[in-house]
$ cat coords_39.txt   # compact mmCIF, C-alpha atoms
# COMPACT_ATOMS: atom_id res chain seq x y z
CA MET A 1 14.86 21.99 11.01
CA GLY A 2 14.35 20.22 14.36
CA GLY A 3 15.72 16.75 15.06
CA ARG A 4 12.29 15.09 14.99
CA ALA A 5 11.31 16.79 11.72
CA ALA A 6 14.64 15.80 10.16
CA ARG A 7 14.07 12.17 11.08
CA LEU A 8 10.59 12.24 9.56
CA VAL A 9 11.89 13.80 6.36
CA ALA A 10 14.71 11.26 6.13
CA ALA A 11 12.26 8.38 6.50
CA SER A 12 10.04 9.90 3.82
CA VAL A 13 12.95 10.25 1.37
CA ILE A 14 13.89 6.60 1.88
CA SER A 15 10.30 5.50 1.42
CA LEU A 16 9.94 7.45 -1.84
CA ALA A 17 12.80 5.45 -3.35
CA LEU A 18 11.01 2.25 -2.38
CA VAL A 19 7.76 3.50 -3.92
CA ALA A 20 9.53 4.39 -7.16
CA ALA A 21 10.90 0.85 -7.44
CA ALA A 22 7.66 -0.85 -6.48
CA ALA A 23 6.10 -0.85 -9.95
CA VAL A 24 8.95 -2.93 -11.43
CA GLY A 25 9.08 -6.72 -11.66
CA LEU A 26 5.52 -7.66 -10.67
CA ASN A 27 5.53 -11.42 -11.17
CA ALA A 28 3.66 -12.73 -8.12
CA PHE A 29 0.22 -12.42 -9.74
CA GLY A 30 -1.08 -11.76 -13.21
CA PRO A 31 -3.77 -9.08 -13.61
CA GLY A 32 -7.09 -10.42 -12.40
CA SER A 33 -5.61 -13.84 -11.64
CA GLY A 34 -7.77 -14.27 -8.53
CA ALA A 35 -4.95 -16.14 -6.80
CA GLY A 36 -4.72 -16.13 -3.01
CA VAL A 37 -6.46 -13.45 -0.94
CA ALA A 38 -8.06 -10.45 -2.66
CA ALA A 39 -9.80 -7.37 -1.22
CA ARG A 40 -11.69 -5.10 -3.63
CA THR A 41 -13.48 -1.77 -3.72
CA SER A 42 -14.60 0.62 -6.46
CA GLY A 43 -16.06 4.05 -7.05
CA ALA A 44 -16.06 7.03 -9.43
CA ASP A 45 -14.92 4.94 -12.45
CA PHE A 46 -11.99 3.28 -10.63
CA SER A 47 -11.43 0.00 -8.84
CA LEU A 48 -8.73 -0.96 -6.35
CA VAL A 49 -7.70 -4.53 -5.49
CA LEU A 50 -5.18 -5.74 -2.92
CA ARG A 51 -3.81 -9.26 -3.49
CA LEU A 52 -1.79 -11.55 -1.22
CA PRO A 53 -0.81 -15.19 -1.77
CA ARG A 54 -2.42 -16.23 1.56
CA ASP A 55 -3.40 -14.88 4.97
CA ARG A 56 -1.12 -16.82 7.37
CA TYR A 57 2.65 -16.36 7.63
CA ARG A 58 5.59 -17.13 9.83
CA ALA A 59 7.24 -14.23 11.66
CA GLY A 60 9.82 -12.61 9.39
CA GLU A 61 8.59 -14.38 6.27
CA PRO A 62 8.29 -12.13 3.17
CA ILE A 63 4.72 -11.09 2.39
CA ASP A 64 4.18 -10.36 -1.30
CA ALA A 65 1.29 -7.88 -1.48
CA ILE A 66 0.30 -6.25 -4.77
CA ALA A 67 -2.32 -3.57 -5.48
CA GLU A 68 -4.14 -3.16 -8.79
CA LEU A 69 -5.70 0.16 -9.79
CA THR A 70 -8.03 0.01 -12.80
CA TYR A 71 -9.87 2.74 -14.67
CA THR A 72 -13.38 1.51 -15.55
CA GLY A 73 -14.96 4.67 -16.98
CA PRO A 74 -16.27 5.47 -20.47
CA ARG A 75 -13.12 7.02 -21.95
CA ALA A 76 -10.28 5.08 -23.56
CA SER A 77 -7.84 6.37 -20.93
CA VAL A 78 -7.46 8.88 -18.15
CA VAL A 79 -4.45 10.75 -16.76
CA PRO A 80 -4.49 10.71 -12.94
CA TRP A 81 -2.90 13.35 -10.74
CA GLY A 82 -1.88 12.96 -7.12
CA SER A 83 1.03 12.99 -4.70
CA ALA A 84 4.46 12.58 -6.29
CA SER A 85 5.08 9.87 -3.69
CA GLY A 86 3.01 7.48 -5.79
CA ILE A 87 -0.53 6.88 -7.01
CA ILE A 88 -1.00 4.04 -4.48
CA GLY A 89 0.08 4.07 -0.84
CA PHE A 90 0.43 1.12 1.54
CA GLY A 91 0.40 0.62 5.27
CA VAL A 92 0.28 -1.95 8.06
CA ALA A 93 -1.29 -1.93 11.52
CA GLN A 94 -0.96 -4.53 14.25
CA MET A 95 -3.98 -5.28 16.42
CA GLY A 96 -3.12 -3.67 19.74
CA GLY A 97 0.26 -2.55 18.42
CA PRO A 98 2.07 -0.18 16.07
CA SER A 99 1.04 1.04 12.63
CA ALA A 100 3.10 2.39 9.73
CA GLY A 101 2.16 4.29 6.59
CA PRO A 102 1.04 5.33 4.20
CA GLY A 103 2.93 8.60 3.95
CA TYR A 104 2.82 11.08 1.07
CA ARG A 105 4.49 14.21 -0.25
CA ASP A 106 2.21 17.21 0.10
CA ASN A 107 2.14 18.10 -3.59
CA CYS A 108 0.31 17.31 -6.83
CA ALA A 109 1.96 15.61 -9.79
CA GLN A 110 0.87 14.03 -13.05
CA HIS A 111 1.10 10.24 -13.31
CA SER A 112 1.09 7.89 -16.28
CA ALA A 113 -2.18 7.42 -18.13
CA LEU A 114 -4.44 4.55 -17.12
CA GLN A 115 -5.96 2.63 -20.02
CA ARG A 116 -9.56 1.55 -19.54
CA GLY A 117 -9.75 -1.99 -18.17
CA VAL A 118 -5.96 -2.41 -17.86
CA PRO A 119 -4.83 -2.75 -14.21
CA LEU A 120 -1.84 -0.78 -12.96
CA GLN A 121 0.00 -3.19 -10.65
CA VAL A 122 2.10 -1.81 -7.79
CA ARG A 123 3.98 -3.95 -5.32
CA PHE A 124 3.77 -3.11 -1.60
CA ALA A 125 6.18 -0.32 -0.71
CA LYS A 126 6.84 1.22 2.70
CA SER A 127 6.36 4.88 3.52
CA GLY A 128 6.00 7.06 6.58
CA GLY A 129 8.18 8.18 9.46
CA TYR A 130 8.59 7.95 13.22
CA ALA A 131 9.99 9.85 16.18
CA ALA A 132 13.13 8.68 17.98
CA ASP A 133 11.26 8.63 21.30
CA ASP A 134 8.30 6.59 20.01
CA PRO A 135 7.62 3.60 22.31
CA ASN A 136 7.62 1.33 19.22
CA VAL A 137 10.88 2.73 17.83
CA SER A 138 12.56 -0.69 17.69
CA PHE A 139 9.76 -1.98 15.45
CA TYR A 140 9.94 1.05 13.16
CA ARG A 141 13.71 0.84 12.77
CA SER A 142 13.49 -2.83 11.83
CA TYR A 143 10.46 -2.31 9.59
CA PHE A 144 11.92 0.53 7.52
CA ALA A 145 15.39 -1.02 7.33
CA GLU A 146 13.99 -4.05 5.46
CA PRO A 147 12.90 -3.36 1.85
CA ARG A 148 10.48 -6.30 1.75
CA LEU A 149 7.35 -6.60 3.87
CA ARG A 150 8.21 -8.79 6.87
CA LEU A 151 6.22 -8.63 10.11
CA PRO A 152 6.63 -9.91 13.66
CA ALA A 153 4.10 -12.28 15.22
CA GLY A 154 0.61 -10.85 15.66
CA THR A 155 -2.61 -10.07 13.83
CA TRP A 156 -1.98 -7.43 11.18
CA THR A 157 -4.05 -5.36 8.78
CA ILE A 158 -2.38 -4.67 5.44
CA LEU A 159 -3.90 -1.82 3.45
CA ALA A 160 -3.64 -0.11 0.08
CA GLU A 161 -5.19 3.22 -0.84
CA THR A 162 -5.29 5.78 -3.60
CA ASN A 163 -6.15 9.45 -3.48
CA LEU A 164 -6.07 10.31 -7.16
CA ILE A 165 -7.39 13.32 -9.05
CA PRO A 166 -8.58 12.36 -12.55
CA GLY A 167 -9.01 15.90 -13.88
CA GLY A 168 -5.95 17.77 -12.65
CA CYS A 169 -5.06 19.19 -9.26
CA THR A 170 -8.25 21.22 -8.83
CA ALA A 171 -10.71 18.38 -9.55
CA PRO A 172 -12.40 16.29 -6.82
CA VAL A 173 -10.26 13.57 -5.25
CA VAL A 174 -11.17 9.91 -5.75
CA ALA A 175 -10.30 8.14 -2.48
CA LEU A 176 -10.34 4.34 -2.36
CA ARG A 177 -8.99 2.06 0.36
CA VAL A 178 -8.87 -1.72 0.72
CA SER A 179 -7.45 -3.87 3.49
CA THR A 180 -7.02 -7.48 4.47
CA ARG A 181 -6.09 -9.12 7.75
CA VAL A 182 -3.24 -11.61 8.12
CA VAL A 183 -2.08 -13.68 11.05
CA VAL A 184 1.68 -13.87 11.62
CA SER A 185 2.84 -16.52 14.06
CA ALA A 186 6.14 -17.87 15.32
CA ARG A 187 5.14 -21.31 14.09
CA TRP A 188 3.46 -22.29 10.82
CA SER A 189 -0.27 -22.97 11.24
CA GLY A 190 -1.65 -23.44 7.74
CA CYS A 191 -4.16 -21.27 5.92
CA CYS A 192 -7.48 -19.83 6.88
CA ARG A 193 -10.05 -17.35 5.71
CA SER A 194 -9.20 -13.70 5.45
CA THR A 195 -11.05 -10.59 6.61
CA THR A 196 -11.18 -7.93 3.89
CA THR A 197 -12.70 -4.47 3.81
CA GLY A 198 -13.18 -1.77 1.20
CA ARG A 199 -13.91 1.94 1.50
CA ARG A 200 -14.74 4.48 -1.15
CA SER A 201 -15.60 8.13 -1.37
$ encode --input "coords_39.txt" --output "structure tokens"
Amino acid sequence: MGGRAARLVAASVISLALVAAAAVGLNAFGPGSGAGVAARTSGADFSLVLRLPRDRYRAGEPIDAIAELTYTGPRASVVPWGSASGIIGFGVAQMGGPSAGPGYRDNCAQHSALQRGVPLQVRFAKSGGYAADDPNVSFYRSYFAEPRLRLPAGTWTILAETNLIPGGCTAPVVALRVSTRVVVSARWSGCCRSTTTGRRS
């Protein structure tokens, strides 16, 4: 395995551990609380929501983002399939700057059943990889070394997405993505409106 591929694999292994821990201890928001900033989308009997406490932060301040995936179809429950990396992936992208994640294992695994109308909450978890010669390598090293979501100053898009398969690995994929924009500054500047988007297929 080449050096670049090894680095990408190592980053993916680290990120999978973070994803596995992300569904534990979700206390920032209750399901459907409506607190803070929320971006929503839905399609094919599922809905995806991304929640943040607010949309302005200081550089390096922890950002507590949580995604909620809800089955809204006619059955009592459904068993989703998808990448073993996790049923929900997260990423960030700076306006005019670097982006990171989401990254997934290229496989198909069964996940826990989703009960109709009961949100599955997953805290933001980092995933992805980078090359040692990337011009933004200093950002990536700092970003992946910190378990919590902390960002440098700039305008950032935070996203959550799911690519689940409700009927097993050969069924059509349900792809949903939501995002919200936050402003991170060196000095505190209060709160403002957010810009949210949703995509479905």
$ atom_distance --input "coords_39.txt" --atom1 "CA of Arg148 (chain A)" --atom2 "CA of Val92 (chain A)"
12.8 Å
$ closest_residue --input "coords_39.txt" --among "A:Glu61, A:Asp106, A:Asp45, A:Asp55" --to "Arg75 (chain A)" --atoms "all atoms listed in the file"
A:Asp45
$ closest_residue --input "coords_39.txt" --among "A:Ser47, A:Ser77, A:Thr155, A:Ser185" --to "Ser99 (chain A)" --atoms "all atoms listed in the file"
A:Thr155
$ atom_distance --input "coords_39.txt" --atom1 "CA of Gly117 (chain A)" --atom2 "CA of Glu161 (chain A)"
18.7 Å
$ closest_residue --input "coords_39.txt" --among "A:Leu149, A:Ala175, A:Ala186, A:Ala59" --to "Ala125 (chain A)" --atoms "only C-alpha atoms"
A:Leu149
$ residues_around --input "coords_39.txt" --residues "Leu176 (chain A)" --least-positions-apart "6" --cutoff "12 Å" --atoms "only C-alpha atoms" --output "number ranges by chain"
A: 39-50, 67-70, 87-90, 159-165, 197-201
$ residues_near_point --input "coords_39.txt" --point "(3.1, 5.3, 12.5)" --cutoff "8 Å" --atoms "all atoms listed in the file" --output "PyMOL selection string"
chain A and resi 98-101+128-130
$ atom_distance --input "coords_39.txt" --atom1 "CA of Pro53 (chain A)" --atom2 "CA of Val37 (chain A)"
6.0 Å
$ closest_residue --input "coords_39.txt" --among "A:Arg141, A:Tyr104, A:Val78, A:Gly91" --to "Arg177 (chain A)" --atoms "only C-alpha atoms"
A:Gly91
$ closest_residue --input "coords_39.txt" --among "A:Ile158, A:Ala38, A:Ala76, A:Tyr143" --to "Ser179 (chain A)" --atoms "only C-alpha atoms"
A:Ile158
$ closest_residue --input "coords_39.txt" --among "A:Leu114, A:Tyr140, A:Thr180, A:Pro135" --to "Gly73 (chain A)" --atoms "all atoms listed in the file"
A:Leu114
$ residues_around --input "coords_39.txt" --residues "Glu146 (chain A)" --least-positions-apart "4" --cutoff "12 Å" --atoms "only C-alpha atoms" --output "PyMOL selection string"
chain A and resi 14-15+18+60-62+125-127+139-142+150-151
$ residues_around --input "coords_39.txt" --residues "Ser83 (chain A)" --least-positions-apart "3" --cutoff "6 Å" --atoms "all atoms listed in the file" --output "PyMOL selection string"
chain A and resi 86+105+107-109
